[in-house]
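First comes the structure, then the notes that go with it.
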Amino acid sequence: MRDLLFEIKADTPLGKTVKMLLNLFLCEGEDGILDLNGISYHKLANLIGISHTELQESLEYLQQQGIILYRPISK
C-alpha cells in the first residue's frame, strides 16, 4: 500500500491509473456495481493522460497485486 501511495504522490502512470480508478469507483452506479465494459483502453488512457501501454502495464500490475480484477481485451 505504501508503494501505491508513493506512485500516486509521484504522479507516475501507475499512480494516475490508481487515482482514476478510485474516482470511477466513487461514481459507481445505484446498484453498487461499476461497469466499465463500454470504455476502451484508448479512451481511459486519454482520460488519465497516459499511453495505452502504460495503462495496460498499470492494470496488469494492479491485478498481479490482487488489487483489481480485469479482463484484458481480446484480439
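The chains in the C-alpha cells are called A, B, ... from first to last as shown; in each chain the residues are counted from 1, and the ligands are counted from 1 in the order shown.
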
Test item, alpha helix (DSSP H) assignment across chain A, answer as a ChimeraX atom specification: /A:2-10,13-26,41-48,52-64

Put those residues in a file: N, CA and C atoms, as a short mmCIF file (atom, residue, chain, number, x, y, z; two decimals), in the first residue's frame.
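The new file again.cif reads:
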data_model
loop_
_atom_site.label_atom_id
_atom_site.label_comp_id
_atom_site.auth_asym_id
_atom_site.auth_seq_id
_atom_site.Cartn_x
_atom_site.Cartn_y
_atom_site.Cartn_z
N ARG A 2 1.95 1.20 0.76
CA ARG A 2 2.84 2.37 0.81
C ARG A 2 3.42 2.65 -0.57
N ASP A 3 3.73 1.59 -1.32
CA ASP A 3 4.27 1.77 -2.66
C ASP A 3 3.26 2.48 -3.56
N LEU A 4 1.98 2.11 -3.44
CA LEU A 4 0.96 2.76 -4.26
C LEU A 4 0.81 4.23 -3.88
N LEU A 5 0.89 4.53 -2.59
CA LEU A 5 0.80 5.93 -2.16
C LEU A 5 1.96 6.74 -2.74
N PHE A 6 3.15 6.14 -2.78
CA PHE A 6 4.30 6.81 -3.40
C PHE A 6 4.03 7.06 -4.88
N GLU A 7 3.50 6.05 -5.57
CA GLU A 7 3.21 6.19 -7.01
C GLU A 7 2.20 7.30 -7.26
N ILE A 8 1.19 7.40 -6.39
CA ILE A 8 0.18 8.45 -6.52
C ILE A 8 0.83 9.81 -6.31
N LYS A 9 1.61 9.94 -5.25
CA LYS A 9 2.27 11.22 -4.93
C LYS A 9 3.24 11.63 -6.03
N ALA A 10 3.95 10.66 -6.60
CA ALA A 10 4.93 10.94 -7.66
C ALA A 10 4.26 11.18 -9.01
N PRO A 13 2.54 6.96 -14.12
CA PRO A 13 1.41 6.36 -14.82
C PRO A 13 0.60 5.41 -13.92
N LEU A 14 1.28 4.62 -13.09
CA LEU A 14 0.56 3.75 -12.17
C LEU A 14 -0.25 4.57 -11.17
N GLY A 15 0.35 5.62 -10.63
CA GLY A 15 -0.36 6.48 -9.68
C GLY A 15 -1.56 7.16 -10.31
N LYS A 16 -1.41 7.61 -11.55
CA LYS A 16 -2.53 8.24 -12.26
C LYS A 16 -3.65 7.24 -12.49
N THR A 17 -3.28 6.00 -12.82
CA THR A 17 -4.28 4.95 -13.04
C THR A 17 -5.05 4.67 -11.76
N VAL A 18 -4.34 4.55 -10.65
CA VAL A 18 -4.99 4.29 -9.36
C VAL A 18 -5.95 5.43 -9.01
N LYS A 19 -5.51 6.67 -9.21
CA LYS A 19 -6.38 7.82 -8.91
C LYS A 19 -7.65 7.79 -9.75
N MET A 20 -7.51 7.50 -11.05
CA MET A 20 -8.68 7.47 -11.93
C MET A 20 -9.62 6.34 -11.52
N LEU A 21 -9.08 5.17 -11.20
CA LEU A 21 -9.93 4.05 -10.78
C LEU A 21 -10.67 4.39 -9.48
N LEU A 22 -9.98 5.04 -8.55
CA LEU A 22 -10.64 5.44 -7.30
C LEU A 22 -11.77 6.42 -7.58
N ASN A 23 -11.52 7.38 -8.46
CA ASN A 23 -12.57 8.34 -8.81
C ASN A 23 -13.75 7.64 -9.49
N LEU A 24 -13.47 6.68 -10.36
CA LEU A 24 -14.55 5.95 -11.02
C LEU A 24 -15.36 5.14 -10.00
N PHE A 25 -14.69 4.52 -9.04
CA PHE A 25 -15.40 3.75 -8.03
C PHE A 25 -16.28 4.63 -7.16
N LEU A 26 -15.85 5.86 -6.94
CA LEU A 26 -16.68 6.80 -6.17
C LEU A 26 -17.95 7.18 -6.93
N TYR A 41 -9.56 0.99 -23.90
CA TYR A 41 -8.27 1.29 -23.31
C TYR A 41 -7.82 2.69 -23.72
N HIS A 42 -7.99 3.01 -25.00
CA HIS A 42 -7.52 4.31 -25.50
C HIS A 42 -8.27 5.46 -24.85
N LYS A 43 -9.58 5.32 -24.70
CA LYS A 43 -10.36 6.38 -24.08
C LYS A 43 -9.97 6.55 -22.61
N LEU A 44 -9.83 5.44 -21.90
CA LEU A 44 -9.44 5.52 -20.50
C LEU A 44 -8.03 6.09 -20.36
N ALA A 45 -7.11 5.66 -21.21
CA ALA A 45 -5.74 6.18 -21.18
C ALA A 45 -5.74 7.69 -21.43
N ASN A 46 -6.54 8.13 -22.39
CA ASN A 46 -6.63 9.57 -22.68
C ASN A 46 -7.19 10.35 -21.49
N LEU A 47 -8.20 9.79 -20.83
CA LEU A 47 -8.76 10.46 -19.66
C LEU A 47 -7.73 10.60 -18.55
N ILE A 48 -6.90 9.57 -18.40
CA ILE A 48 -5.88 9.57 -17.35
C ILE A 48 -4.69 10.44 -17.74
N HIS A 52 -1.53 4.12 -23.91
CA HIS A 52 -2.25 2.85 -23.88
C HIS A 52 -1.38 1.78 -23.22
N THR A 53 -0.10 1.75 -23.55
CA THR A 53 0.83 0.76 -22.99
C THR A 53 1.01 0.96 -21.49
N GLU A 54 1.14 2.22 -21.06
CA GLU A 54 1.29 2.50 -19.62
C GLU A 54 0.05 2.06 -18.86
N LEU A 55 -1.12 2.28 -19.46
CA LEU A 55 -2.36 1.85 -18.81
C LEU A 55 -2.40 0.34 -18.69
N GLN A 56 -2.07 -0.36 -19.76
CA GLN A 56 -2.09 -1.82 -19.74
C GLN A 56 -1.12 -2.36 -18.69
N GLU A 57 0.08 -1.80 -18.63
CA GLU A 57 1.07 -2.23 -17.64
C GLU A 57 0.59 -1.95 -16.22
N SER A 58 -0.05 -0.80 -16.02
CA SER A 58 -0.56 -0.45 -14.69
C SER A 58 -1.66 -1.40 -14.26
N LEU A 59 -2.59 -1.70 -15.17
CA LEU A 59 -3.67 -2.61 -14.84
C LEU A 59 -3.15 -4.02 -14.55
N GLU A 60 -2.18 -4.46 -15.34
CA GLU A 60 -1.59 -5.78 -15.10
C GLU A 60 -0.90 -5.83 -13.73
N TYR A 61 -0.19 -4.77 -13.37
CA TYR A 61 0.47 -4.73 -12.06
C TYR A 61 -0.56 -4.78 -10.94
N LEU A 62 -1.62 -3.98 -11.06
CA LEU A 62 -2.66 -3.96 -10.02
C LEU A 62 -3.35 -5.32 -9.90
N GLN A 63 -3.52 -5.99 -11.02
CA GLN A 63 -4.12 -7.33 -10.98
C GLN A 63 -3.17 -8.33 -10.33
N GLN A 64 -1.90 -8.26 -10.67
CA GLN A 64 -0.91 -9.17 -10.07
C GLN A 64 -0.83 -8.99 -8.56
#
